[in-house]
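Peer 1: Please find one structure pasted underneath; my questions will follow.
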Amino acid sequence: QATVVGISKRKNVPVNDILFEFYSKKRSEGKASKVAIIATCNKLLRMIYGILKSKIPFTVS
């Protein structure tokens with residue numbers, strides 16, 4: 001559910017640009033919607049793990 005919210009748009013702006021771009025890339029590669037969501041979910045998990053391991057706050061630049 002966190003991934004679906006991350007790739008959704010609010011007021012024509014993606015909630016999370018990184019996840020939205022990754023999802024869009026997977027869809028343009030011909031992946032099915034659910035397959036692209038799972039790949040994006042894995043990306044989100046890797047991002048969370050990296051943030052926790054490095055102890056550096058997440059900032060969108």
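Each chain in the structure tokens gets a letter, A, B and so on, in the order shown; residues start at 1 in every chain, and ligands are counted from 1 in the order they appear.
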Within 8 Å of segment 43-60 of chain A, counting only C-alpha atoms, which residues qualify if same-chain residues fewer than 4 places away don't, as a list in words?

Peer 2: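 Near segment 43-60 of chain A, the qualifying residues are Thr3, Leu19 and Ala39 of chain A.
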
Peer 1: Tell me which protein, DNA and RNA residues are within 10 Å of Tyr23 of chain A, counting only C-alpha atoms, leaving out same-chain ones fewer than 6 positions away, and put them as a list in words.

Peer 2: Thr3, Val4, Gly6, Ile7, Asp17, Glu29, Lys31, Ser33, Val35, Ala36, Ile37, Ile38, Ala39, Thr40, Cys41 and Lys43 of chain A

Peer 1: Enter the distance from atom CA of Lys9 of chain A to atom CA of Glu21 of chain A, in Å, rounded to one decimal.

Peer 2: 11.8 Å

Peer 1: State, in Å with one decimal place, the distance from atom CA of Ala32 of chain A to atom CA of Gln1 of chain A.

Peer 2: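 Separation of atom CA of Ala32 of chain A and atom CA of Gln1 of chain A: 17.3 Å.
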
Peer 1: Assign secondary structure with DSSP using the backbone only, and return the residues of chain A in alpha helix (DSSP H) as a PDB file with C-alpha atoms, in the first residue's frame.

Peer 2:
```
ATOM      1  CA  ALA A   2       2.882   2.371   0.700  1.00  0.00           C
ATOM      2  CA  THR A   3       4.167   1.810  -2.819  1.00  0.00           C
ATOM      3  CA  VAL A   4       0.791   2.528  -4.413  1.00  0.00           C
ATOM      4  CA  VAL A   5       0.572   5.793  -2.460  1.00  0.00           C
ATOM      5  CA  GLY A   6       4.157   6.657  -3.418  1.00  0.00           C
ATOM      6  CA  ILE A   7       3.495   6.276  -7.147  1.00  0.00           C
ATOM      7  CA  ASP A  17       9.325  11.351  -7.566  1.00  0.00           C
ATOM      8  CA  ILE A  18      11.877   8.539  -7.206  1.00  0.00           C
ATOM      9  CA  LEU A  19       9.253   5.809  -6.946  1.00  0.00           C
ATOM     10  CA  PHE A  20       7.065   7.315  -9.661  1.00  0.00           C
ATOM     11  CA  GLU A  21       9.961   7.503 -12.136  1.00  0.00           C
ATOM     12  CA  PHE A  22      11.012   3.921 -11.341  1.00  0.00           C
ATOM     13  CA  TYR A  23       7.426   2.665 -11.763  1.00  0.00           C
ATOM     14  CA  SER A  24       7.031   4.576 -15.037  1.00  0.00           C
ATOM     15  CA  LYS A  25      10.313   3.107 -16.316  1.00  0.00           C
ATOM     16  CA  LYS A  26       9.152  -0.437 -15.546  1.00  0.00           C
ATOM     17  CA  ARG A  27       5.794   0.178 -17.244  1.00  0.00           C
ATOM     18  CA  SER A  28       7.544   1.567 -20.335  1.00  0.00           C
ATOM     19  CA  SER A  33       1.042  -3.071 -13.635  1.00  0.00           C
ATOM     20  CA  LYS A  34       1.245  -5.464 -10.682  1.00  0.00           C
ATOM     21  CA  VAL A  35       4.749  -6.604 -11.657  1.00  0.00           C
ATOM     22  CA  ALA A  36       5.896  -2.976 -11.826  1.00  0.00           C
ATOM     23  CA  ILE A  37       4.324  -2.287  -8.417  1.00  0.00           C
ATOM     24  CA  ILE A  38       6.196  -5.220  -6.848  1.00  0.00           C
ATOM     25  CA  ALA A  39       9.479  -4.043  -8.416  1.00  0.00           C
ATOM     26  CA  THR A  40       8.792  -0.563  -7.036  1.00  0.00           C
ATOM     27  CA  CYS A  41       8.001  -2.084  -3.643  1.00  0.00           C
ATOM     28  CA  ASN A  42      11.415  -3.771  -3.650  1.00  0.00           C
ATOM     29  CA  LYS A  43      12.986  -0.408  -4.557  1.00  0.00           C
ATOM     30  CA  LEU A  44      11.175   1.222  -1.612  1.00  0.00           C
ATOM     31  CA  LEU A  45      12.411  -1.477   0.759  1.00  0.00           C
ATOM     32  CA  ARG A  46      15.997  -0.996  -0.433  1.00  0.00           C
ATOM     33  CA  MET A  47      15.640   2.766   0.071  1.00  0.00           C
ATOM     34  CA  ILE A  48      14.303   2.286   3.615  1.00  0.00           C
ATOM     35  CA  TYR A  49      17.095  -0.144   4.480  1.00  0.00           C
ATOM     36  CA  GLY A  50      19.738   2.253   3.150  1.00  0.00           C
ATOM     37  CA  ILE A  51      18.297   5.137   5.141  1.00  0.00           C
ATOM     38  CA  LEU A  52      18.202   3.085   8.346  1.00  0.00           C
ATOM     39  CA  LYS A  53      21.703   1.699   7.841  1.00  0.00           C
ATOM     40  CA  SER A  54      23.350   5.033   7.018  1.00  0.00           C
TER      41      SER A  54
END
```

Peer 1: Among chain A, which ones does DSSP place in strand (DSSP E or B), written as a list in words?

Peer 2: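 DSSP-assigned strand (DSSP E or B) residues in chain A: Lys9, Arg10, Val13 and Pro14 of chain A.
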